[in-house]
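Each remark here refers to the structure printed beneath this line.
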Amino acid sequence: MIPRGPNWHCTVIHIKGYPTRDPIQLYWHDALEVVQELFGNPIFSQHMEYGPYIILDGQEWEYGEWMSSDEAHQIQVSLLA
């Protein structure tokens, strides 16, 4: 009864000049399918954060999730500049 989610893909990697005893296998998901699954899942709909925020405890900045980080704010400011 668990939803399937995005399909897994496997790509065998061959590097010329570097033979391996066993093939190198890269397992991956299509990024677009992952994003569609996340944004289309009603379980996550009320928990998505789209913009940075600040949590203050008096004069001190509290950090919790990534969107409360300095980096999230710097990216937002650089995109608006």
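Ordered as shown in the structure tokens, chains take letters A, B, and onward, while each chain numbers its residues from 1 and ligands are numbered from 1 in the order shown.
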
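Of all the residues in region 2-60 of chain A, the ones DSSP labels as helix (DSSP H, G or I) from the backbone are Ala31, Leu32, Glu33, Val34, Val35, Gln36, Glu37, Leu38, Phe39 and Gly40 of chain A.
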
- Task: Go through A:Arg21, A:Ala31, A:Glu71, A:Leu26 one by one, measure the shortest atom-to-atom distance of each to Asn7 (chain A) using only C-alpha atoms, and give the residue with the smallest value.
- Result: A:Ala31

Write out as an mmCIF file with all heavy atoms, in the first residue's frame which residues come within 10 Å of Tyr27 (chain A) when counting only C-alpha atoms, dropping same-chain ones fewer than 3 positions away.
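Result went into part37.cif, see below:
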data_model
loop_
_atom_site.group_PDB
_atom_site.id
_atom_site.type_symbol
_atom_site.label_atom_id
_atom_site.label_comp_id
_atom_site.auth_asym_id
_atom_site.auth_seq_id
_atom_site.Cartn_x
_atom_site.Cartn_y
_atom_site.Cartn_z
ATOM 1 N N TRP A 8 13.413 4.259 -10.181
ATOM 2 C CA TRP A 8 14.868 4.167 -10.095
ATOM 3 C C TRP A 8 15.409 3.861 -11.479
ATOM 4 O O TRP A 8 14.803 3.119 -12.248
ATOM 5 C CB TRP A 8 15.287 3.046 -9.143
ATOM 6 C CG TRP A 8 15.180 3.411 -7.710
ATOM 7 C CD1 TRP A 8 14.175 3.079 -6.847
ATOM 8 C CD2 TRP A 8 16.107 4.187 -6.964
ATOM 9 N NE1 TRP A 8 14.416 3.599 -5.611
ATOM 10 C CE2 TRP A 8 15.607 4.295 -5.649
ATOM 11 C CE3 TRP A 8 17.312 4.815 -7.264
ATOM 12 C CZ2 TRP A 8 16.263 4.979 -4.644
ATOM 13 C CZ3 TRP A 8 17.971 5.500 -6.262
ATOM 14 C CH2 TRP A 8 17.453 5.584 -4.982
ATOM 15 N N HIS A 9 16.569 4.437 -11.799
ATOM 16 C CA HIS A 9 17.277 4.166 -13.046
ATOM 17 C C HIS A 9 18.672 3.668 -12.683
ATOM 18 O O HIS A 9 19.191 3.991 -11.614
ATOM 19 C CB HIS A 9 17.404 5.433 -13.898
ATOM 20 C CG HIS A 9 16.078 6.057 -14.224
ATOM 21 N ND1 HIS A 9 15.273 5.604 -15.234
ATOM 22 C CD2 HIS A 9 15.416 7.085 -13.646
ATOM 23 C CE1 HIS A 9 14.170 6.340 -15.280
ATOM 24 N NE2 HIS A 9 14.235 7.245 -14.318
ATOM 25 N N CYS A 10 19.268 2.907 -13.578
ATOM 26 C CA CYS A 10 20.628 2.420 -13.362
ATOM 27 C C CYS A 10 21.442 2.689 -14.610
ATOM 28 O O CYS A 10 21.025 2.359 -15.723
ATOM 29 C CB CYS A 10 20.626 0.927 -13.044
ATOM 30 S SG CYS A 10 22.283 0.254 -12.805
ATOM 31 N N THR A 11 22.596 3.285 -14.437
ATOM 32 C CA THR A 11 23.517 3.539 -15.531
ATOM 33 C C THR A 11 24.846 2.881 -15.188
ATOM 34 O O THR A 11 25.378 3.083 -14.098
ATOM 35 C CB THR A 11 23.734 5.060 -15.729
ATOM 36 O OG1 THR A 11 22.461 5.661 -15.985
ATOM 37 C CG2 THR A 11 24.681 5.346 -16.863
ATOM 38 N N VAL A 12 25.339 2.064 -16.121
ATOM 39 C CA VAL A 12 26.649 1.446 -15.929
ATOM 40 C C VAL A 12 27.698 2.417 -16.462
ATOM 41 O O VAL A 12 27.581 2.931 -17.573
ATOM 42 C CB VAL A 12 26.735 0.090 -16.654
ATOM 43 C CG1 VAL A 12 28.121 -0.515 -16.502
ATOM 44 C CG2 VAL A 12 25.678 -0.863 -16.115
ATOM 45 N N ILE A 24 30.801 -0.538 -12.601
ATOM 46 C CA ILE A 24 30.371 0.554 -11.718
ATOM 47 C C ILE A 24 28.941 0.894 -12.102
ATOM 48 O O ILE A 24 28.666 1.247 -13.252
ATOM 49 C CB ILE A 24 31.283 1.791 -11.867
ATOM 50 C CG1 ILE A 24 32.719 1.425 -11.528
ATOM 51 C CG2 ILE A 24 30.782 2.924 -10.998
ATOM 52 C CD1 ILE A 24 33.711 2.510 -11.871
#

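The interatomic distance for the pair CA of Met67 (chain A) and CA of Pro52 (chain A) works out to 4.6 Å.
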
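Among A:Glu37, A:Asp30, A:Asp22, A:Glu49, the residue with the shortest atom-to-atom distance to Ala72 (chain A), counting only C-alpha atoms, is A:Glu49.
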
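CA of Leu79 (chain A) lies 13.8 Å from CA of Tyr50 (chain A).
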
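Each of A:Ser69, A:Pro42, A:Ile75, A:Gly5 was checked against His29 (chain A) using only C-alpha atoms; the smallest atom-to-atom distance is that of A:Gly5.
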
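Minimum distance to Gly51 (chain A) across A:Met1, A:Glu65, A:His73, A:Phe39 (counting only C-alpha atoms) occurs at A:His73.
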
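Taking CA of Trp28 (chain A) and CA of Asn41 (chain A) as the two end points, the separation is 20.3 Å.
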